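Here's structure08.csv, which has CSV, C-alpha atoms:
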```csv
chain,number,residue,atom,x,y,z
A,2,MET,CA,101.3,165.1,61.7
A,3,GLY,CA,105.0,165.7,61.9
A,4,ASN,CA,106.6,168.8,60.4
A,5,GLY,CA,106.0,167.7,56.8
A,6,GLN,CA,108.9,169.3,55.1
A,7,GLY,CA,111.4,169.5,57.9
A,8,LEU,CA,109.9,172.8,58.8
A,9,GLU,CA,111.9,174.8,61.3
A,10,HIS,CA,110.2,176.9,64.0
A,11,HIS,CA,111.3,180.5,64.3
A,12,ARG,CA,109.7,183.4,66.1
A,13,SER,CA,110.2,186.9,64.8
A,14,ASP,CA,109.3,190.2,66.4
A,15,ALA,CA,108.5,191.3,62.8
A,16,PHE,CA,105.1,189.6,63.2
A,17,SER,CA,104.1,191.2,66.5
A,18,PRO,CA,101.8,193.7,64.6
A,19,LEU,CA,100.1,190.8,62.9
A,20,ASN,CA,99.5,188.9,66.2
A,21,GLN,CA,98.2,192.1,67.9
A,22,TYR,CA,95.9,192.8,65.0
A,23,VAL,CA,94.4,189.2,65.2
A,24,LEU,CA,94.0,189.6,68.9
A,25,GLY,CA,92.1,192.8,68.5
A,26,VAL,CA,89.8,191.3,66.0
A,27,GLN,CA,89.3,188.3,68.3
A,28,GLU,CA,87.9,190.7,70.9
A,29,LYS,CA,85.7,192.6,68.3
A,30,ILE,CA,84.0,189.4,67.0
A,31,SER,CA,83.7,187.8,70.4
A,32,ALA,CA,85.7,184.7,69.6
A,33,SER,CA,87.1,182.7,72.5
A,34,ALA,CA,89.9,181.2,70.3
A,35,ALA,CA,92.4,182.5,67.8
A,36,ALA,CA,95.6,181.3,66.1
A,37,VAL,CA,98.1,182.6,63.6
A,38,TYR,CA,100.5,180.5,61.6
A,39,VAL,CA,102.9,181.8,58.9
A,40,LEU,CA,105.3,179.9,56.6
A,41,HIS,CA,108.0,181.6,54.7
A,42,ARG,CA,110.1,179.6,52.2
A,43,GLY,CA,109.0,176.4,54.1
A,44,THR,CA,110.0,177.7,57.5
A,45,VAL,CA,107.6,178.5,60.3
A,46,VAL,CA,108.3,182.2,61.0
A,47,ASN,CA,105.3,182.9,63.2
A,48,GLU,CA,103.1,180.7,65.4
A,49,TRP,CA,100.8,182.3,67.9
A,50,TYR,CA,97.8,181.0,69.9
A,51,SER,CA,95.2,182.8,72.0
A,52,GLY,CA,92.3,181.9,74.3
A,53,THR,CA,90.4,178.8,74.9
A,54,HIS,CA,88.1,176.4,72.9
A,55,GLY,CA,85.1,177.9,74.5
A,56,PHE,CA,83.9,180.5,77.0
A,57,SER,CA,82.7,177.9,79.6
A,58,PRO,CA,84.9,177.4,82.7
A,59,GLY,CA,87.6,174.8,82.2
A,60,SER,CA,87.7,175.1,78.4
A,61,ARG,CA,90.9,173.8,76.9
A,62,LEU,CA,93.6,176.3,76.0
A,63,VAL,CA,94.2,176.8,72.3
A,64,GLY,CA,97.3,175.0,71.1
A,65,ALA,CA,99.1,173.7,68.1
A,66,ASP,CA,96.7,170.7,67.7
A,67,SER,CA,93.5,172.6,68.2
A,68,GLN,CA,91.2,172.1,65.2
A,69,PHE,CA,88.9,174.9,64.1
A,70,ASN,CA,85.8,174.8,62.0
A,71,VAL,CA,87.1,176.5,58.8
A,72,ALA,CA,83.6,177.0,57.3
A,73,SER,CA,83.9,178.2,53.7
A,74,VAL,CA,87.6,177.5,53.5
A,75,ARG,CA,86.5,173.9,52.9
A,76,LYS,CA,85.5,175.0,49.4
A,77,THR,CA,89.2,175.1,48.4
A,78,TYR,CA,89.3,171.3,49.1
A,79,LEU,CA,86.3,170.9,46.8
A,80,GLY,CA,88.0,173.0,44.2
A,81,PHE,CA,91.0,170.7,44.4
A,82,ALA,CA,88.7,167.7,43.8
A,83,VAL,CA,87.2,169.4,40.7
A,84,SER,CA,90.7,170.1,39.4
A,85,LEU,CA,91.7,166.4,39.9
A,86,ALA,CA,88.5,165.3,38.1
A,87,ILE,CA,89.5,167.5,35.1
A,88,TYR,CA,93.1,166.2,35.1
A,89,GLU,CA,91.9,162.5,35.2
A,90,GLY,CA,89.3,163.1,32.4
A,91,ARG,CA,86.3,162.5,34.6
A,92,ILE,CA,85.2,166.0,33.8
A,93,GLY,CA,85.8,167.2,30.2
A,94,SER,CA,86.5,170.9,30.8
A,95,LEU,CA,85.5,173.9,32.9
A,96,ASP,CA,83.0,174.9,30.2
A,97,ASP,CA,81.1,171.7,30.2
A,98,PRO,CA,77.5,172.1,31.2
A,99,VAL,CA,76.6,171.0,34.7
A,100,SER,CA,73.7,169.1,33.3
A,101,ALA,CA,76.1,166.7,31.5
A,102,TYR,CA,77.1,165.3,34.9
A,103,MET,CA,73.9,165.3,36.9
A,104,ALA,CA,70.1,165.5,36.6
A,105,ASP,CA,68.8,169.0,36.6
A,106,PRO,CA,66.8,169.3,39.9
A,107,GLY,CA,65.0,172.4,38.5
A,108,GLY,CA,64.1,171.0,35.1
A,109,ALA,CA,65.7,173.4,32.6
A,110,LEU,CA,67.1,175.7,35.4
A,111,LEU,CA,70.7,174.6,34.8
A,112,ALA,CA,70.6,175.4,31.1
A,113,GLY,CA,73.7,177.4,30.2
A,114,THR,CA,75.4,176.8,33.6
A,115,THR,CA,78.9,175.5,33.4
A,116,ILE,CA,81.4,174.1,35.9
A,117,ARG,CA,83.3,177.4,35.6
A,118,HIS,CA,80.2,179.3,36.7
A,119,LEU,CA,79.8,177.1,39.8
A,120,LEU,CA,83.5,177.5,40.8
A,121,THR,CA,83.4,181.2,40.5
A,122,HIS,CA,80.0,182.1,42.1
A,123,THR,CA,78.8,183.4,38.7
A,124,HIS,CA,76.1,180.8,38.2
A,125,GLY,CA,73.2,183.1,39.1
A,126,LEU,CA,71.3,180.5,41.2
A,127,ALA,CA,69.8,181.8,44.4
A,128,SER,CA,68.5,178.2,45.1
A,129,PRO,CA,68.2,175.0,43.2
A,130,GLN,CA,64.8,176.3,42.0
A,131,LYS,CA,65.5,180.0,41.5
A,132,ARG,CA,67.8,182.0,39.2
A,133,ILE,CA,68.6,185.7,39.8
A,134,PHE,CA,70.8,186.4,36.8
A,135,PRO,CA,72.0,184.6,33.6
A,136,PRO,CA,75.1,182.4,34.0
A,137,GLY,CA,78.3,184.4,33.8
A,138,ALA,CA,76.6,187.8,33.9
A,139,ASP,CA,77.2,188.7,37.6
A,140,TRP,CA,78.7,187.5,40.8
A,141,THR,CA,76.9,186.4,44.0
A,142,TYR,CA,78.5,184.4,46.8
A,143,ASN,CA,76.4,181.5,48.1
A,144,ASN,CA,76.5,177.7,48.6
A,145,VAL,CA,74.2,176.6,45.7
A,146,GLY,CA,77.1,176.0,43.3
A,147,VAL,CA,79.1,174.4,46.1
A,148,ASN,CA,76.4,171.8,46.9
A,149,LEU,CA,76.0,171.0,43.2
A,150,LEU,CA,79.7,170.4,42.8
A,151,ILE,CA,79.9,168.2,45.9
A,152,ARG,CA,77.2,166.0,44.4
A,153,MET,CA,79.0,166.0,41.0
A,154,ILE,CA,82.3,165.0,42.6
A,155,GLY,CA,80.5,162.1,44.4
A,156,GLU,CA,79.1,160.9,41.1
A,157,VAL,CA,82.2,161.2,38.9
A,158,PHE,CA,84.5,159.6,41.4
A,159,GLY,CA,82.0,157.1,42.8
A,160,LYS,CA,82.9,158.1,46.4
A,161,PRO,CA,82.3,161.0,48.8
A,162,LEU,CA,84.5,164.1,48.8
A,163,ALA,CA,85.9,163.3,52.2
A,164,GLN,CA,87.0,159.8,51.2
A,165,LEU,CA,88.6,161.1,48.0
A,166,LEU,CA,90.6,163.7,49.9
A,167,ASN,CA,91.7,161.1,52.5
A,168,GLU,CA,92.9,158.8,49.8
A,169,LYS,CA,94.6,161.4,47.6
A,170,VAL,CA,96.0,163.9,50.1
A,171,PHE,CA,95.4,163.5,53.8
A,172,ARG,CA,96.7,159.9,54.4
A,173,PRO,CA,99.6,160.1,51.9
A,174,GLY,CA,100.6,163.5,53.3
A,175,GLY,CA,100.2,162.5,56.9
A,176,PHE,CA,97.5,165.1,57.7
A,177,THR,CA,95.9,163.9,60.9
A,178,GLU,CA,94.4,167.3,62.0
A,179,THR,CA,92.2,167.8,59.0
A,180,GLY,CA,88.8,166.3,58.2
A,181,TRP,CA,85.0,166.4,58.5
A,182,ARG,CA,84.0,165.8,62.1
A,183,LYS,CA,80.5,164.9,63.3
A,184,HIS,CA,81.2,164.3,67.0
A,185,LYS,CA,82.9,166.6,69.5
A,186,THR,CA,86.4,165.5,70.8
A,187,ASP,CA,88.9,167.2,73.0
A,188,GLY,CA,91.0,168.6,70.1
A,189,LEU,CA,88.1,170.3,68.3
A,190,VAL,CA,87.2,174.0,68.8
A,191,TRP,CA,83.5,173.0,68.8
A,192,LEU,CA,80.7,175.3,67.7
A,193,ASN,CA,77.8,173.5,69.4
A,194,GLU,CA,76.2,172.7,66.0
A,195,ALA,CA,74.7,169.4,64.8
A,196,TYR,CA,76.1,167.9,61.7
A,197,SER,CA,74.7,165.2,59.4
A,198,GLY,CA,77.8,163.2,58.7
A,199,GLU,CA,81.5,163.1,57.9
A,200,GLU,CA,81.4,162.5,54.1
A,201,GLY,CA,82.2,166.1,53.1
A,202,THR,CA,78.7,167.3,52.4
A,203,ASP,CA,78.2,169.4,55.5
A,204,VAL,CA,79.9,172.5,56.9
A,205,ASN,CA,81.9,170.6,59.5
A,206,MET,CA,85.4,170.5,58.3
A,207,PHE,CA,87.9,171.0,61.2
A,208,VAL,CA,91.6,171.8,60.6
A,209,SER,CA,94.5,172.9,62.8
A,210,ALA,CA,96.2,176.2,62.0
A,211,ARG,CA,99.4,174.4,61.0
A,212,GLU,CA,97.7,171.9,58.7
A,213,LEU,CA,95.7,174.7,57.0
A,214,ALA,CA,99.0,176.4,56.4
A,215,TYR,CA,100.3,173.1,55.0
A,216,TRP,CA,97.3,173.0,52.7
A,217,GLY,CA,98.4,176.5,51.4
A,218,GLN,CA,102.0,175.3,51.2
A,219,LEU,CA,100.9,172.3,49.0
A,220,HIS,CA,99.4,174.8,46.6
A,221,LEU,CA,102.5,177.0,46.7
A,222,SER,CA,104.8,174.1,46.0
A,223,LYS,CA,102.5,172.7,43.3
A,224,GLY,CA,102.1,169.5,45.3
A,225,ILE,CA,105.6,168.8,46.5
A,226,TRP,CA,105.5,167.4,50.1
A,227,ASN,CA,108.1,165.5,52.0
A,228,GLY,CA,110.2,165.5,48.8
A,229,MET,CA,107.6,163.7,46.7
A,230,GLN,CA,104.9,164.9,44.3
A,231,LEU,CA,101.7,164.5,46.2
A,232,VAL,CA,99.2,164.4,43.3
A,233,PRO,CA,100.4,165.6,39.9
A,234,ARG,CA,101.6,169.1,39.5
A,235,PRO,CA,98.9,170.3,36.9
A,236,VAL,CA,96.2,169.6,39.4
A,237,TRP,CA,97.6,172.2,41.8
A,238,GLU,CA,98.7,174.7,39.1
A,239,GLN,CA,95.2,175.5,37.8
A,240,THR,CA,93.4,175.8,41.2
A,241,ALA,CA,94.7,179.4,41.8
A,242,GLU,CA,94.5,180.7,38.3
A,243,ILE,CA,91.8,183.2,37.5
A,244,ILE,CA,89.0,181.3,35.8
A,245,SER,CA,86.2,183.9,36.2
A,246,PRO,CA,84.1,184.5,33.0
A,247,GLU,CA,85.1,187.5,30.9
A,248,GLY,CA,83.1,190.7,31.1
A,249,LEU,CA,82.4,190.8,34.8
A,250,GLY,CA,82.1,194.2,36.4
A,251,ASP,CA,85.4,195.8,37.5
A,252,SER,CA,84.3,195.9,41.1
A,253,LEU,CA,83.6,192.2,41.3
A,254,PRO,CA,86.1,189.7,42.7
A,255,ARG,CA,88.0,187.2,40.5
A,256,ASN,CA,88.2,183.6,41.4
A,257,GLY,CA,90.1,180.4,40.8
A,258,PHE,CA,88.8,177.1,42.0
A,259,PHE,CA,87.0,178.8,44.9
A,260,TRP,CA,90.0,180.8,45.8
A,261,PHE,CA,89.8,184.6,45.6
A,262,VAL,CA,92.7,185.6,43.3
A,263,GLN,CA,94.3,189.0,43.1
A,264,ASP,CA,94.8,190.5,39.6
A,265,ARG,CA,94.4,194.1,40.7
A,266,PRO,CA,92.6,195.7,43.6
A,267,ARG,CA,88.9,195.6,43.3
A,268,SER,CA,86.3,197.2,45.6
A,269,LEU,CA,84.4,194.0,46.5
A,270,THR,CA,87.4,191.6,46.8
A,271,GLU,CA,88.5,190.1,50.1
A,272,LEU,CA,92.1,190.5,49.2
A,273,GLY,CA,94.1,193.4,50.7
A,274,HIS,CA,94.8,196.0,48.1
A,275,GLU,CA,98.5,196.0,48.9
A,276,LEU,CA,98.9,192.3,48.1
A,277,PRO,CA,100.7,191.6,44.9
A,278,ALA,CA,99.1,190.1,41.8
A,279,GLY,CA,98.9,186.3,42.0
A,280,SER,CA,98.1,186.2,45.7
A,281,TYR,CA,95.1,184.1,46.6
A,282,GLN,CA,93.0,183.6,49.7
A,283,SER,CA,89.9,181.8,51.2
A,284,LEU,CA,87.8,183.1,54.2
A,285,GLY,CA,85.2,181.3,56.2
A,286,ARG,CA,82.3,182.8,58.3
A,287,THR,CA,84.0,181.6,61.5
A,288,GLY,CA,86.9,184.1,60.7
A,289,CYS,CA,89.3,181.4,59.5
A,290,ALA,CA,91.4,182.3,56.5
A,291,CYS,CA,94.3,180.9,54.4
A,292,LEU,CA,96.3,183.4,52.4
A,293,VAL,CA,99.0,182.4,49.9
A,294,ILE,CA,101.5,185.0,48.5
A,295,PRO,CA,103.6,183.4,45.8
A,296,GLU,CA,105.7,186.5,45.3
A,297,LYS,CA,106.9,186.1,48.9
A,298,GLU,CA,106.9,182.3,48.9
A,299,ALA,CA,104.6,182.6,52.0
A,300,VAL,CA,101.5,181.2,53.5
A,301,ALA,CA,99.6,182.9,56.3
A,302,VAL,CA,96.7,181.4,58.3
A,303,ARG,CA,94.5,182.9,60.9
A,304,MET,CA,91.8,181.0,62.9
A,305,TYR,CA,88.8,182.0,65.0
A,306,ASN,CA,85.6,180.4,66.2
A,307,GLN,CA,83.2,183.3,65.6
A,308,THR,CA,79.5,182.2,65.8
A,309,GLY,CA,77.6,185.4,66.4
A,310,PRO,CA,76.8,188.3,64.1
A,311,ASN,CA,79.3,191.0,63.4
A,312,SER,CA,79.3,193.8,65.9
A,313,GLY,CA,78.4,197.4,65.0
A,314,GLY,CA,81.2,199.2,63.2
A,315,TYR,CA,83.0,195.9,62.3
A,316,SER,CA,83.4,195.3,58.5
A,317,TYR,CA,84.5,191.8,57.6
A,318,LEU,CA,85.8,193.1,54.3
A,319,ASP,CA,87.9,195.8,56.0
A,320,ASP,CA,89.1,193.2,58.5
A,321,ILE,CA,90.2,190.5,56.0
A,322,ARG,CA,91.9,193.1,53.7
A,323,THR,CA,93.8,194.5,56.7
A,324,PHE,CA,94.9,191.0,57.7
A,325,GLY,CA,96.4,190.4,54.3
A,326,ASN,CA,98.0,193.8,54.1
A,327,THR,CA,99.5,193.3,57.6
A,328,VAL,CA,100.9,189.9,56.6
A,329,TYR,CA,102.5,191.4,53.6
A,330,ALA,CA,104.0,194.3,55.6
A,331,CYS,CA,105.5,191.8,58.1
A,332,LEU,CA,107.0,189.7,55.3
A,333,ASN,CA,108.6,192.9,53.9
A,334,VAL,CA,110.1,193.5,57.3
A,335,ILE,CA,111.7,190.1,57.5
A,336,GLY,CA,113.0,190.6,54.0
A,337,LEU,CA,114.7,193.8,55.1
A,338,GLN,CA,116.1,192.0,58.1
A,339,ALA,CA,117.5,189.3,55.9
A,340,ASP,CA,119.1,191.9,53.5
A,341,ARG,CA,120.8,193.6,56.5
A,342,SER,CA,122.2,190.4,58.1
A,343,PRO,CA,125.9,189.8,57.6
```

Rendering of file as structure tokens:
Amino acid sequence: MGNGQGLEHHRSDAFSPLNQYVLGVQEKISASAAAVYVLHRGTVVNEWYSGTHGFSPGSRLVGADSQFNVASVRKTYLGFAVSLAIYEGRIGSLDDPVSAYMADPGGALLAGTTIRHLLTHTHGLASPQKRIFPPGADWTYNNVGVNLLIRMIGEVFGKPLAQLLNEKVFRPGGFTETGWRKHKTDGLVWLNEAYSGEEGTDVNMFVSARELAYWGQLHLSKGIWNGMQLVPRPVWEQTAEIISPEGLGDSLPRNGFFWFVQDRPRSLTELGHELPAGSYQSLGRTGCACLVIPEKEAVAVRMYNQTGPNSGGYSYLDDIRTFGNTVYACLNVIGLQADRSP
């Protein structure tokens, strides 16, 4: 797509620590490809690419149009669809039982499970046939709730998730580097996986670094894009509000519509402890992440193509927190630079 909001491209030495950090992690996790993209007040203040689409000889260099498999970051697109369904009255409320919208695959297993529980990983389902804790009593990250919501969205809208997003966001917004991809093409940072389709049910969403940043910017601007309201403002407003059930343990993360949301530092959260309240983020197993910091009017994206297990001594929690803290520190530097300019 074009630069959706007349975004100007600037490079700043202030972000050298961030780019160097991302490069170091690229080596630790044995990723062939990496990218960083930072927006500040609608301006591109840092754009950086490293490596190639794969390790084989002749692999394409990573560039602005390289599309990465964002893995679990795709859940924020599903969260948007749930928010839209609530806004349009297709879903009554967050506290509606899941069984009101679909047949219970496990008999009475979904009893007491609400849409809020699915969105915040507090549903307690280890599989569609097994429950490990009562709904709302604890927090465990898995894809059971995700898959149920994908099914639900298909039923309440009468169309697949990918088609819905194409109609509501991607086509109107001019997003051409975002979508579910089944077949390898030159622009994809391919993972050598087989996918079942392109309807939004599989883990095969590919996005360029800049369009993932634009996705964060849409949330930050509450849907304003190219000077128009792209989907009503209330749909965007609630996606990054904390909706986790009350009474969760202090160490457990707090979530919005699949975003991790900062209220205060918590020991199991993926958000850097230096990030201000109201910041929100999503991370995928490939290493891709989208971080929104409303206090700074900023969006930061990093991309990788990790496929192997984490190496010894590497902690993904320490890594993603350091990423967020480093982004915040760099933004503080450009704020100081702006204050000192004549």

So what do you get for CA of Leu95 in chain A versus CA of Ile116 in chain A, distance-wise? 5.1 Å

Residues within 6 Å of Val37 in chain A, all atoms listed in the file, excluding chain neighbours under 5 positions, as a list in words: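 Residues near the query, excluding close chain neighbours: Glu48, Trp49, Val302 and Arg303 of chain A.
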
Select all residues near (84.7, 164.6, 44.9) (cut-off 9 Å, inclusive, file coordinates), counting all atoms listed in the file, and output them as a PDB file with C-alpha atoms, keeping the file's coordinate frame.
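Contents of out_31.pdb, freshly written:
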```
ATOM      1  CA  LEU A  79      86.300 170.900  46.800  1.00  0.00           C
ATOM      2  CA  PHE A  81      91.000 170.700  44.400  1.00  0.00           C
ATOM      3  CA  ALA A  82      88.700 167.700  43.800  1.00  0.00           C
ATOM      4  CA  VAL A  83      87.200 169.400  40.700  1.00  0.00           C
ATOM      5  CA  LEU A  85      91.700 166.400  39.900  1.00  0.00           C
ATOM      6  CA  ALA A  86      88.500 165.300  38.100  1.00  0.00           C
ATOM      7  CA  LEU A 150      79.700 170.400  42.800  1.00  0.00           C
ATOM      8  CA  ILE A 151      79.900 168.200  45.900  1.00  0.00           C
ATOM      9  CA  ARG A 152      77.200 166.000  44.400  1.00  0.00           C
ATOM     10  CA  MET A 153      79.000 166.000  41.000  1.00  0.00           C
ATOM     11  CA  ILE A 154      82.300 165.000  42.600  1.00  0.00           C
ATOM     12  CA  GLY A 155      80.500 162.100  44.400  1.00  0.00           C
ATOM     13  CA  GLU A 156      79.100 160.900  41.100  1.00  0.00           C
ATOM     14  CA  VAL A 157      82.200 161.200  38.900  1.00  0.00           C
ATOM     15  CA  PHE A 158      84.500 159.600  41.400  1.00  0.00           C
ATOM     16  CA  GLY A 159      82.000 157.100  42.800  1.00  0.00           C
ATOM     17  CA  LYS A 160      82.900 158.100  46.400  1.00  0.00           C
ATOM     18  CA  PRO A 161      82.300 161.000  48.800  1.00  0.00           C
ATOM     19  CA  LEU A 162      84.500 164.100  48.800  1.00  0.00           C
ATOM     20  CA  ALA A 163      85.900 163.300  52.200  1.00  0.00           C
ATOM     21  CA  GLN A 164      87.000 159.800  51.200  1.00  0.00           C
ATOM     22  CA  LEU A 165      88.600 161.100  48.000  1.00  0.00           C
ATOM     23  CA  LEU A 166      90.600 163.700  49.900  1.00  0.00           C
ATOM     24  CA  GLY A 201      82.200 166.100  53.100  1.00  0.00           C
TER      25      GLY A 201
END
```

Contacts of Glu212 in chain A at 8 Å or less, counting all atoms listed in the file, minus same-chain residues fewer than 5 places along, as a VMD selection string? chain A and resid 176 178 to 179

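Reported to one decimal place, the separation of CA of Ala278 in chain A from CA of Asp139 in chain A is 22.3 Å.
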
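The interatomic distance for the pair CA of Gln282 in chain A and CA of Tyr102 in chain A works out to 28.4 Å.
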
Find the residues of range 132-190 of chain A that sit at most 10 Å from range 55-61 of chain A; for each, write down the nearest two atoms and how far apart they are in Å, to one decimal. Count all atoms listed in the file. Sort by chain, then by number going up, and give it as CSV.
```
residue,atom,partner,partner_atom,distance
A:Asp187,CA,A:Arg61,CA,7.9
A:Gly188,CA,A:Arg61,CA,8.6
A:Leu189,CA,A:Arg61,CA,9.7
A:Val190,CA,A:Gly55,CA,7.2
```

For each of A:Ser312, A:Ser268, A:Ala112, A:Asn148, take the minimum atom-to-atom distance to Pro136 in chain A, counting only C-alpha atoms, then give the residue where this is smallest. A:Ala112

Pick out the closest residue to Gly224 in chain A from this set: A:Pro173, A:Pro266, A:Gly64, A:Gly279. Count all atoms listed in the file.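 Result for the nearest residue to Gly224 in chain A: A:Pro173.
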
May I have a table of the residues of range 84-163 of chain A lying at most 9 Å from range 241-244 of chain A, giving each one's closest pair of atoms and their distance in Å to one decimal, counting all atoms listed in the file, ordered by chain and ascending residue number, as a Markdown table?
```
| residue | atom | partner | partner_atom | distance |
| --- | --- | --- | --- | --- |
| A:Leu95 | CA | A:Ile244 | CA | 8.7 |
| A:Arg117 | CA | A:Ile244 | CA | 6.9 |
| A:Leu120 | CA | A:Ile244 | CA | 8.3 |
| A:Thr121 | CA | A:Ile244 | CA | 7.3 |
```

So, counting all atoms listed in the file, which residue among A:Ala138, A:Ala15, A:Val46, A:Val232 is closest to Thr327 in chain A?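 Checking each candidate against Thr327 in chain A, we get A:Ala15 as the closest.
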
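Every protein or nucleic acid residue with an atom no more than 9 Å from Pro277 in chain A, counting only C-alpha atoms and leaving out same-chain residues fewer than 6 positions away, appears here: Gln263, Asp264, Arg265, Ile294, Pro295, Glu296 and Tyr329 of chain A.
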
Residues at most 12 Å from Lys29 in chain A, counting all atoms listed in the file, excluding those fewer than 6 positions away in the same chain, as a list in words?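 Counting all atoms listed in the file, the residues come to Tyr22, Val23, Gly288, Tyr305, Gln307, Gly309, Pro310, Asn311, Ser312, Gly313, Gly314, Tyr315, Ser316, Tyr317 and Asp320 of chain A.
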
Mind dumping the selected residues with C-alpha atoms as a PDB file, in the frame of the given file?
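Resulting contents of result.pdb:
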```pdb
ATOM      1  CA  TYR A  22      95.900 192.800  65.000  1.00  0.00           C
ATOM      2  CA  VAL A  23      94.400 189.200  65.200  1.00  0.00           C
ATOM      3  CA  GLY A 288      86.900 184.100  60.700  1.00  0.00           C
ATOM      4  CA  TYR A 305      88.800 182.000  65.000  1.00  0.00           C
ATOM      5  CA  GLN A 307      83.200 183.300  65.600  1.00  0.00           C
ATOM      6  CA  GLY A 309      77.600 185.400  66.400  1.00  0.00           C
ATOM      7  CA  PRO A 310      76.800 188.300  64.100  1.00  0.00           C
ATOM      8  CA  ASN A 311      79.300 191.000  63.400  1.00  0.00           C
ATOM      9  CA  SER A 312      79.300 193.800  65.900  1.00  0.00           C
ATOM     10  CA  GLY A 313      78.400 197.400  65.000  1.00  0.00           C
ATOM     11  CA  GLY A 314      81.200 199.200  63.200  1.00  0.00           C
ATOM     12  CA  TYR A 315      83.000 195.900  62.300  1.00  0.00           C
ATOM     13  CA  SER A 316      83.400 195.300  58.500  1.00  0.00           C
ATOM     14  CA  TYR A 317      84.500 191.800  57.600  1.00  0.00           C
ATOM     15  CA  ASP A 320      89.100 193.200  58.500  1.00  0.00           C
TER      16      ASP A 320
END
```
